>>> print(open('work_10.txt').read())   # compact mmCIF, C-alpha atoms
# COMPACT_ATOMS: atom_id res chain seq x y z
CA MET A 1466 133.84 75.85 80.53
CA THR A 1467 132.58 79.25 79.53
CA GLN A 1468 129.35 78.79 81.43
CA LYS A 1469 131.12 77.60 84.53
CA GLY A 1470 133.51 80.50 84.37
CA GLY A 1471 130.58 82.89 84.03
CA VAL A 1472 128.91 81.54 87.15
CA LYS A 1473 131.91 81.74 89.46
CA PRO A 1474 132.27 85.55 89.45
CA GLY A 1475 128.63 85.90 90.37
CA LYS A 1476 129.06 83.60 93.32
CA LYS A 1477 132.23 85.39 94.33
CA ASN A 1478 130.55 88.78 94.29
CA LYS A 1479 127.67 87.42 96.29
CA ALA A 1480 130.06 86.00 98.84
CA GLU A 1481 131.96 89.28 99.05
CA GLU A 1482 128.83 91.31 99.84
CA PRO A 1483 128.98 92.56 103.44
CA GLU A 1484 126.43 90.90 105.65
CA LEU A 1485 124.19 93.22 107.62
CA GLU A 1486 124.41 92.96 111.35
CA PRO A 1487 121.31 91.36 112.90
CA LEU A 1488 118.89 93.87 114.36
CA CYS A 1489 117.89 93.78 117.97
CA CYS A 1490 114.22 93.98 118.94
CA CYS A 1491 114.29 97.79 119.17
CA GLU A 1492 116.29 98.56 115.99
CA TYR A 1493 115.01 99.01 112.46
CA ILE A 1494 115.98 100.29 109.04
CA ASP A 1495 114.29 103.64 108.44
CA ARG A 1496 113.01 105.08 105.16
CA ASN A 1497 116.46 106.55 104.46
CA GLY A 1498 118.08 103.11 104.62
CA GLU A 1499 119.86 103.82 107.89
CA LYS A 1500 119.77 101.85 111.11
CA ASN A 1501 117.71 103.57 113.77
CA HIS A 1502 116.41 102.87 117.27
CA VAL A 1503 112.93 103.09 118.76
CA ALA A 1504 114.22 105.24 121.61
CA ALA A 1505 115.36 107.87 119.09
CA CYS A 1506 111.86 108.45 117.73
CA LEU A 1507 111.92 112.14 118.72
CA CYS A 1508 115.49 112.88 117.69
CA ASP A 1509 116.71 114.63 114.54
CA CYS A 1510 113.34 115.80 113.25
CA GLN A 1511 113.94 119.25 111.83
CA ASP A 1512 110.51 119.43 110.19
CA LEU A 1513 108.77 118.70 113.48
CA ASP A 1514 110.84 121.34 115.28
CA ASP A 1515 110.11 123.95 112.63
CA GLY A 1516 106.41 123.07 112.62
CA CYS A 1517 106.18 123.41 116.43
CA ASP A 1518 108.02 126.73 116.33
CA ARG A 1519 105.67 128.11 113.69
CA TRP A 1520 102.63 126.80 115.57
CA ILE A 1521 103.78 128.40 118.85
CA THR A 1522 104.40 131.73 117.10
CA CYS A 1523 100.96 131.50 115.41
CA LYS A 1524 102.43 131.18 111.93
CA SER A 1525 101.01 128.98 109.19
CA VAL A 1526 102.60 125.61 108.52
CA GLN A 1527 103.11 124.64 104.89
CA PRO A 1528 101.22 121.53 103.70
CA GLU A 1529 104.48 120.03 102.46
CA THR A 1530 105.92 120.34 105.96
CA CYS A 1531 102.89 118.61 107.44
CA GLU A 1532 103.24 115.74 104.97
CA ARG A 1533 106.94 115.32 105.80
CA ILE A 1534 106.11 115.34 109.52
CA MET A 1535 103.45 112.65 109.03
CA ASP A 1536 105.84 110.56 106.93
CA THR A 1537 108.48 110.80 109.66
CA VAL A 1538 106.00 109.95 112.42
CA SER A 1539 104.59 106.97 110.51
CA ASP A 1540 108.11 105.69 109.83
CA ARG A 1541 109.26 105.99 113.45
CA LEU A 1542 106.10 104.66 115.08
CA ARG A 1543 107.21 101.10 115.75
CA ILE A 1544 106.96 98.43 118.40
CA PRO A 1545 109.82 96.14 119.51
CA TRP A 1546 109.76 92.77 117.78
CA LEU A 1547 111.97 89.82 117.03
CA ARG A 1548 114.67 90.63 114.46
CA GLY A 1549 113.82 94.30 114.40
CA ALA A 1550 111.08 96.70 115.41
CA LYS A 1551 107.86 96.43 113.40
CA LYS A 1552 106.19 99.46 111.83
CA VAL A 1553 102.73 100.36 113.10
CA ASN A 1554 100.25 101.88 110.67
CA ILE A 1555 99.31 105.19 112.25
CA SER A 1556 95.78 105.11 110.81
CA ILE A 1557 94.74 102.26 113.13
CA LEU A 1558 95.39 104.26 116.31
CA PRO A 1559 92.70 107.02 116.29
CA PRO A 1560 89.74 104.61 116.63
CA LEU A 1561 91.44 102.75 119.49
CA ILE A 1562 91.88 105.96 121.45
CA LEU A 1563 89.06 108.28 120.42
CA LEU A 1564 86.08 105.90 120.26
CA PRO A 1565 86.03 104.94 123.98
CA VAL A 1566 86.68 108.56 124.96
CA PHE A 1567 83.87 109.93 122.80
CA LEU A 1568 81.35 107.33 123.91
CA ARG A 1569 82.11 107.80 127.60
CA VAL A 1570 81.90 111.58 127.28
CA ALA A 1571 78.58 111.19 125.45
CA SER A 1572 77.28 109.17 128.41
CA TRP A 1573 77.58 112.10 130.80
CA HIS A 1574 74.53 113.97 129.56
CA PHE A 1575 71.82 113.76 126.95
CA LEU A 1576 72.99 116.88 125.09
CA LEU A 1577 76.58 115.67 125.04
CA GLY A 1578 75.33 112.43 123.56
CA VAL A 1579 73.51 114.25 120.79
CA VAL A 1580 76.57 116.34 119.93
CA VAL A 1581 79.05 113.46 120.00
CA LEU A 1582 76.88 110.95 118.15
CA THR A 1583 76.15 113.55 115.48
CA SER A 1584 79.77 114.54 115.04
CA LEU A 1585 81.14 110.98 114.76
CA PRO A 1586 79.54 110.22 111.34
CA VAL A 1587 80.55 113.68 110.11
CA LEU A 1588 84.18 113.10 111.09
CA ALA A 1589 84.16 109.62 109.52
CA LEU A 1590 82.75 110.99 106.25
CA TRP A 1591 85.27 113.81 106.23
CA TYR A 1592 88.15 111.38 106.67
CA TYR A 1593 86.70 109.11 103.98
CA TYR A 1594 86.51 111.89 101.38
CA LEU A 1595 90.00 113.06 102.36
CA THR A 1596 91.58 109.66 101.75
CA HIS A 1597 89.34 108.90 98.77
CA ARG A 1598 90.36 112.11 97.06
CA ARG A 1599 94.04 111.31 97.56
CA LYS A 1600 93.51 107.72 96.37
CA GLU A 1601 95.23 106.37 99.45
CA GLN A 1602 94.79 103.11 101.29
CA THR A 1603 93.92 103.42 104.96
CA LEU A 1604 93.36 101.01 107.82
CA PHE A 1605 91.29 103.58 109.73
CA PHE A 1606 87.88 102.18 108.82
CA LEU A 1607 88.92 98.54 109.21
CA SER A 1608 90.33 99.39 112.63
CA LEU A 1609 87.19 101.36 113.49
CA GLY A 1610 84.91 98.49 112.48
CA LEU A 1611 86.81 95.76 114.30
CA PHE A 1612 87.36 97.84 117.42
CA SER A 1613 83.70 98.89 117.45
CA LEU A 1614 82.68 95.23 117.43
CA GLY A 1615 85.05 94.44 120.27
CA TYR A 1616 84.17 97.47 122.35
CA MET A 1617 80.41 97.02 121.96
CA TYR A 1618 80.80 93.40 123.04
CA TYR A 1619 82.93 94.48 126.02
CA VAL A 1620 80.34 97.03 127.14
CA PHE A 1621 77.63 94.40 126.73
CA LEU A 1622 79.50 91.98 128.97
CA GLN A 1623 80.35 94.61 131.57
CA GLU A 1624 77.15 96.65 131.75
CA VAL A 1625 74.27 94.51 130.41
CA VAL A 1626 74.95 90.85 131.22
CA PRO A 1627 75.42 91.40 135.02
CA ARG A 1628 71.85 92.72 135.27
CA GLY A 1629 70.56 89.15 134.85
CA ARG A 1630 68.18 89.67 131.94
CA VAL A 1631 70.44 88.00 129.37
CA GLY A 1632 70.66 84.24 129.77
CA PRO A 1633 73.50 81.95 128.68
CA THR A 1634 71.67 80.93 125.49
CA ARG A 1635 71.20 84.51 124.34
CA LEU A 1636 74.79 85.38 125.18
CA ALA A 1637 76.06 82.33 123.29
CA LEU A 1638 73.94 83.24 120.27
CA LEU A 1639 75.29 86.78 120.24
CA THR A 1640 78.85 85.51 120.61
CA CYS A 1641 78.40 83.09 117.71
CA GLY A 1642 77.12 85.95 115.57
CA LEU A 1643 80.23 87.96 116.41
CA PHE A 1644 82.54 85.11 115.41
CA LEU A 1645 80.60 84.58 112.18
CA ILE A 1646 81.12 88.25 111.33
CA LEU A 1647 84.86 87.89 111.82
CA LEU A 1648 84.99 84.73 109.71
CA ALA A 1649 83.04 86.38 106.90
CA LEU A 1650 85.33 89.42 107.06
CA CYS A 1651 88.40 87.21 106.82
CA ARG A 1652 86.93 85.58 103.73
CA ALA A 1653 85.99 88.96 102.23
CA LYS A 1654 89.54 90.21 102.79
CA LYS A 1655 90.97 87.54 100.52
CA ASN A 1656 91.76 87.91 96.83
CA PRO A 1657 88.77 89.66 95.17
CA GLY A 1658 89.91 88.52 91.72
CA TYR A 1659 93.11 90.39 90.95
CA LEU A 1660 94.25 90.26 87.34
CA ARG A 1661 97.88 89.42 86.82
CA SER A 1662 99.82 90.47 83.77
CA PRO A 1663 100.82 87.48 81.59
CA ALA A 1664 104.34 88.86 81.32
CA GLY A 1665 104.63 89.52 85.04
CA SER A 1666 103.19 86.16 86.07
CA GLU A 1667 105.87 84.15 84.27
CA ARG A 1668 108.42 84.48 87.01
CA PRO A 1669 108.23 86.08 90.44
CA GLY A 1670 110.43 89.02 91.22
CA SER A 1671 110.53 90.21 87.61
CA GLY A 1672 109.44 93.68 88.66
CA GLY A 1673 106.53 93.68 86.25
CA PRO A 1674 103.24 95.48 86.82
CA ALA A 1675 101.73 92.44 88.47
CA GLU A 1676 104.30 92.57 91.24
CA ARG A 1677 104.42 96.32 91.63
CA PRO A 1678 103.76 97.21 95.28
CA GLY A 1679 100.75 99.40 95.83
CA PRO A 1680 100.24 102.20 98.34
CA GLY A 1681 101.77 101.48 101.72
CA GLY A 1682 104.25 99.03 100.21
CA GLN A 1683 101.74 96.23 99.99
CA ASP A 1684 102.23 93.65 97.28
CA LYS A 1685 99.34 93.71 94.85
CA ALA A 1686 100.26 90.65 92.86
CA ARG A 1687 97.77 88.49 94.65
CA GLY A 1688 95.65 85.70 93.40
CA PRO A 1689 96.67 83.29 90.63
CA LEU A 1690 95.13 83.86 87.26
CA SER A 1691 95.70 82.04 84.01
CA SER A 1692 97.42 84.13 81.35
CA ARG A 1693 94.88 82.83 78.82
CA ALA A 1694 91.93 84.46 80.60
CA PRO A 1695 92.32 87.96 79.14
CA ARG A 1696 92.56 86.54 75.61
CA GLU A 1697 89.54 84.30 76.07
CA GLU A 1698 87.25 87.09 77.25
CA LEU A 1699 88.22 89.85 74.82
CA ARG A 1700 85.32 91.76 73.37
CA GLY A 1701 85.06 92.50 69.69
CA PRO A 1702 85.04 90.67 66.36
CA PRO A 1703 87.14 87.50 66.29
CA GLY A 1704 88.83 88.53 63.07
CA VAL A 1705 90.79 91.32 64.72
CA PRO A 1706 94.24 90.26 66.00
CA ALA A 1707 94.71 90.06 69.74
CA GLY A 1708 97.29 92.82 69.73
CA SER A 1709 95.29 95.21 67.57
CA PRO A 1710 94.96 98.69 69.13
CA ALA A 1711 91.45 99.08 67.67
CA LYS A 1712 90.31 95.97 69.55
CA VAL A 1713 91.92 96.50 72.90
CA LYS A 1714 91.67 100.29 73.16
CA GLU A 1715 88.81 100.26 75.63
CA ASP A 1716 89.95 97.22 77.64
CA TRP A 1717 93.68 97.89 77.70
CA CYS A 1718 95.08 98.90 81.10
CA ALA A 1719 98.25 100.90 80.65
CA LYS A 1720 99.20 100.66 84.31
CA CYS A 1721 98.85 96.88 84.65
CA GLN A 1722 99.93 96.26 81.03
CA LEU A 1723 97.14 93.81 80.27
CA VAL A 1724 93.85 93.51 78.44
CA ARG A 1725 91.00 93.45 80.91
CA PRO A 1726 88.20 90.91 80.48
CA ALA A 1727 84.60 92.08 80.40
CA ARG A 1728 83.43 94.01 83.50
CA ALA A 1729 86.93 94.20 85.00
CA TRP A 1730 88.21 97.57 86.20
CA HIS A 1731 91.42 99.07 87.47
CA CYS A 1732 91.33 100.13 91.13
CA ARG A 1733 93.34 103.31 91.55
CA ILE A 1734 93.62 102.74 95.29
CA CYS A 1735 94.89 99.15 95.16
CA GLY A 1736 96.81 99.83 91.96
CA ILE A 1737 95.68 96.69 90.13
CA CYS A 1738 92.82 95.44 87.96
CA VAL A 1739 90.03 93.37 89.51
CA ARG A 1740 87.66 90.93 87.84
CA ARG A 1741 84.04 92.14 87.89
CA MET A 1742 84.99 94.89 90.28
CA ASP A 1743 82.09 96.26 92.31
CA HIS A 1744 83.82 98.91 94.42
CA HIS A 1745 86.72 99.52 96.75
CA CYS A 1746 85.42 99.04 100.28
CA VAL A 1747 87.21 101.04 102.96
CA TRP A 1748 85.66 98.89 105.70
CA ILE A 1749 87.73 95.89 104.60
CA ASN A 1750 90.53 97.94 103.00
CA SER A 1751 90.20 95.92 99.82
CA CYS A 1752 88.24 95.71 96.61
CA VAL A 1753 84.98 93.83 96.29
CA GLY A 1754 85.12 91.76 93.14
CA GLU A 1755 84.22 88.48 91.54
CA SER A 1756 85.89 86.23 94.13
CA ASN A 1757 84.81 87.89 97.39
CA HIS A 1758 81.45 89.50 96.58
CA GLN A 1759 79.46 86.67 98.16
CA ALA A 1760 81.55 86.80 101.32
CA PHE A 1761 81.05 90.57 101.47
CA ILE A 1762 77.27 90.18 101.26
CA LEU A 1763 77.40 87.42 103.87
CA ALA A 1764 79.41 89.64 106.24
CA LEU A 1765 76.90 92.46 105.84
CA SER A 1766 73.88 90.23 106.45
CA VAL A 1767 75.38 88.52 109.52
CA PHE A 1768 76.44 91.89 110.92
CA LEU A 1769 72.95 93.34 110.53
CA LEU A 1770 71.30 90.36 112.22
CA THR A 1771 73.81 90.29 115.07
CA SER A 1772 73.69 94.05 115.60
CA VAL A 1773 69.89 94.19 115.70
CA TYR A 1774 69.85 91.26 118.13
CA GLY A 1775 72.40 92.92 120.42
CA ILE A 1776 70.51 96.23 120.35
CA THR A 1777 67.29 94.42 121.24
CA LEU A 1778 68.87 92.60 124.19
CA THR A 1779 70.42 95.80 125.54
CA LEU A 1780 67.27 97.89 125.32
CA ASP A 1781 65.20 95.09 126.85
CA THR A 1782 67.61 95.11 129.80
CA ILE A 1783 68.06 98.82 130.54
CA CYS A 1784 64.54 99.94 129.52
CA ARG A 1785 62.22 97.26 130.80
CA ASP A 1786 58.53 96.95 129.96
CA ARG A 1787 58.93 98.98 126.76
CA SER A 1788 59.09 97.99 123.14
CA VAL A 1789 62.42 98.29 121.39
CA PHE A 1790 61.36 101.20 119.19
CA THR A 1791 59.82 103.09 122.13
CA ALA A 1792 62.83 102.49 124.38
CA LEU A 1793 65.15 103.77 121.68
CA PHE A 1794 63.54 107.22 121.78
CA TYR A 1795 62.05 107.30 125.28
CA CYS A 1796 63.79 105.64 128.20
CA PRO A 1797 63.20 107.66 131.41
CA GLY A 1798 65.98 107.70 133.99
CA VAL A 1799 68.56 106.13 131.74
CA TYR A 1800 71.06 108.94 132.41
CA ALA A 1801 70.58 108.71 136.18
CA ASP A 1802 72.94 105.73 136.24
CA TYR A 1803 76.25 106.01 134.38
CA SER A 1804 76.26 102.29 133.60
CA SER A 1805 72.86 102.50 131.91
CA ALA A 1806 73.84 105.74 130.17
CA LEU A 1807 76.95 104.14 128.68
CA ALA A 1808 74.97 101.13 127.45
CA PHE A 1809 72.29 103.41 125.99
CA THR A 1810 74.92 105.54 124.22
CA CYS A 1811 76.52 102.43 122.75
CA VAL A 1812 73.07 101.34 121.55
CA TRP A 1813 72.63 104.60 119.65
CA TYR A 1814 76.14 104.31 118.23
CA SER A 1815 75.30 100.79 117.06
CA VAL A 1816 72.05 102.05 115.54
CA ILE A 1817 73.92 104.68 113.50
CA VAL A 1818 76.48 102.16 112.24
CA THR A 1819 73.77 99.57 111.53
CA ALA A 1820 71.73 102.10 109.55
CA GLY A 1821 74.76 102.87 107.38
CA MET A 1822 75.49 99.20 106.78
CA ALA A 1823 71.81 98.56 106.03
CA TYR A 1824 71.94 101.22 103.31
CA ILE A 1825 75.02 99.58 101.77
CA PHE A 1826 73.32 96.18 101.98
CA LEU A 1827 70.19 97.54 100.28
CA ILE A 1828 72.22 99.06 97.44
CA GLN A 1829 74.05 95.78 96.99
CA LEU A 1830 70.81 93.80 96.79
CA ILE A 1831 69.39 96.23 94.24
CA ASN A 1832 72.53 96.03 92.11
CA ILE A 1833 72.51 92.24 92.27
CA SER A 1834 68.85 92.13 91.21
CA TYR A 1835 69.70 94.31 88.19
CA ASN A 1836 72.95 92.42 87.52
CA VAL A 1837 75.09 95.55 87.68
CA THR A 1838 78.08 96.53 89.77
CA GLU A 1839 78.51 99.76 91.68
CA ARG A 1840 81.36 100.69 89.35
CA GLU A 1841 79.08 100.29 86.33
CA VAL A 1842 76.37 102.34 88.05
CA GLN A 1843 78.77 105.21 88.70
CA GLN A 1844 80.06 105.13 85.14
CA ALA A 1845 76.51 105.12 83.74
CA LEU A 1846 75.67 108.16 85.88
CA ARG A 1847 78.77 110.03 84.71
CA GLN A 1848 78.08 109.23 81.07
CA LYS A 1849 74.33 109.85 81.52
CA THR A 1850 73.45 106.47 80.02
CA GLY A 1851 71.53 105.04 82.99
CA ARG A 1852 67.92 105.44 84.07
CA ARG A 1853 67.20 106.59 87.61
CA LEU A 1854 64.32 104.88 89.39
CA LEU A 1855 62.82 105.45 92.85
CA CYS A 1856 64.48 108.86 93.34
CA GLY A 1857 67.87 107.58 92.24
CA LEU A 1858 67.94 104.58 94.56
CA ILE A 1859 67.88 102.28 91.53
CA VAL A 1860 70.04 102.92 88.46
CA ASP A 1861 69.26 100.80 85.40
CA THR A 1862 72.29 100.70 83.10
CA GLY A 1863 70.48 98.52 80.54
CA GLN A 1864 73.70 96.68 79.67
CA TYR A 1865 73.82 93.40 81.58
CA ASN A 1866 70.43 93.19 83.28
CA ARG A 1867 67.47 91.10 82.14
CA ALA A 1868 68.03 90.07 78.50
CA HIS A 1869 71.61 91.36 78.54
CA LEU A 1870 73.01 89.10 81.22
CA GLY A 1871 76.79 89.21 81.20
>>> encode(input="work_10.txt", output="structure tokens")
Amino acid sequence: MTQKGGVKPGKKNKAEEPELEPLCCCEYIDRNGEKNHVAACLCDCQDLDDGCDRWITCKSVQPETCERIMDTVSDRLRIPWLRGAKKVNISILPPLILLPVFLRVASWHFLLGVVVLTSLPVLALWYYYLTHRRKEQTLFFLSLGLFSLGYMYYVFLQEVVPRGRVGPTRLALLTCGLFLILLALCRAKKNPGYLRSPAGSERPGSGGPAERPGPGGQDKARGPLSSRAPREELRGPPGVPAGSPAKVKEDWCAKCQLVRPARAWHCRICGICVRRMDHHCVWINSCVGESNHQAFILALSVFLLTSVYGITLTLDTICRDRSVFTALFYCPGVYADYSSALAFTCVWYSVIVTAGMAYIFLIQLINISYNVTEREVQQALRQKTGRRLLCGLIVDTGQYNRAHLG
């Protein structure tokens, strides 16, 4: 009777809780917990008003004010959706707007092309170091990569295919390569091998470290993992108890509240530990670890093959009777026609991106051949325990490679 009596009040309180009114497609609950409307996106923003006033009067704007303005903008930037407006991540918008503008401006003249194509990697690197220093997740690079694929394919269909040099077989082969890239990226975006705390994995919703949302409100408790795994892979003498501080000092993660197995690391951007973590890749907005490393390498290799093939087809079409390498640096009259100039500018943009991805792919192959991860390479360089070979291109940690396979 006592148990039944104890359950009834709980049900009564739950029944007495006021039900929230359903939201229409343009309404949402803002970061202050209040109901708001999409049409009121520019209303009641004191920080924005003060910032505009100070900017008009040529006065400096405090960094804290800028951060509050960005938080307000990111919270109010929403699109109408069923059962309430959905929030749009503001970092995905700049590539969608700026990339077509920059490439079309670069197609006007050769010098404009040099300036724009030189500034684009500089801006991307600046934004990368800005977000990397703040340890923030961003969808900017994922949006840039996916939109670049789509826009390059669109320009190819609009400006190159109508010239008649690309047959159906070549077009189908290029299209298949594009779909394979997307499939490999989807696989690489899956669970890289997240470690879940044994205490937090017992029941969902416990609020433990395993279910703590990471930056941007994303749930980081992804990927099932047996609670026995950390105990099975502990390093050290077997005589030391599992809870001994001397044994778990190096492998204990205070943030995730678990003992990491060998070669696992805590990602400060994702906010969770990853098995055999290689690095946090901004291009997929996720970590590269034990479970998705192969898919990551596959995505890189398919992208390189598809990109080189598309560049070859485009140059063979707009610069006829010239080799690919010669046409890349010498293509007379290409800026006389805006259509050819746009295709040629997109070729050079693709070359820059492909060169960057080829460097990442080369580093990955070298690390795999030495059985080391990028995280272990960086740690060995900081601790000055690794050997640099080939002008620093190869870093031998001497821990897991060759006779020390882990």
>>> atom_distance(input="work_10.txt", atom1="CA of His1745 (chain A)", atom2="CA of Tyr1774 (chain A)")
28.5 Å
>>> residues_near_point(input="work_10.txt", point="(105.3, 99.6, 116.5)", cutoff="12 Å", atoms="all atoms listed in the file", output="PyMOL selection string")
chain A and resi 1490-1493+1502-1504+1506+1538-1547+1549-1555+1557-1558
>>> atom_distance(input="work_10.txt", atom1="CA of Phe1644 (chain A)", atom2="CA of Ser1772 (chain A)")
12.6 Å
>>> closest_residue(input="work_10.txt", among="A:Arg1733, A:Arg1740, A:Arg1847, A:Arg1787", to="Gln1602 (chain A)", atoms="all atoms listed in the file")
A:Arg1733
>>> atom_distance(input="work_10.txt", atom1="CA of Ser1804 (chain A)", atom2="CA of Glu1624 (chain A)")
6.0 Å
>>> residues_around(input="work_10.txt", residues="Leu1582 (chain A)", least_positions_apart="5", cutoff="8 Å", atoms="only C-alpha atoms", output="PyMOL selection string")
chain A and resi 1571+1813-1814
>>> closest_residue(input="work_10.txt", among="A:Gly1821, A:Gly1798, A:Pro1487, A:Pro1627", to="Phe1575 (chain A)", atoms="all atoms listed in the file")
A:Gly1798
>>> closest_residue(input="work_10.txt", among="A:His1574, A:Arg1496, A:Arg1599, A:His1758", to="Tyr1800 (chain A)", atoms="all atoms listed in the file")
A:His1574
>>> closest_residue(input="work_10.txt", among="A:Ile1646, A:Ile1494, A:Cys1517, A:Leu1622", to="Thr1779 (chain A)", atoms="all atoms listed in the file")
A:Leu1622
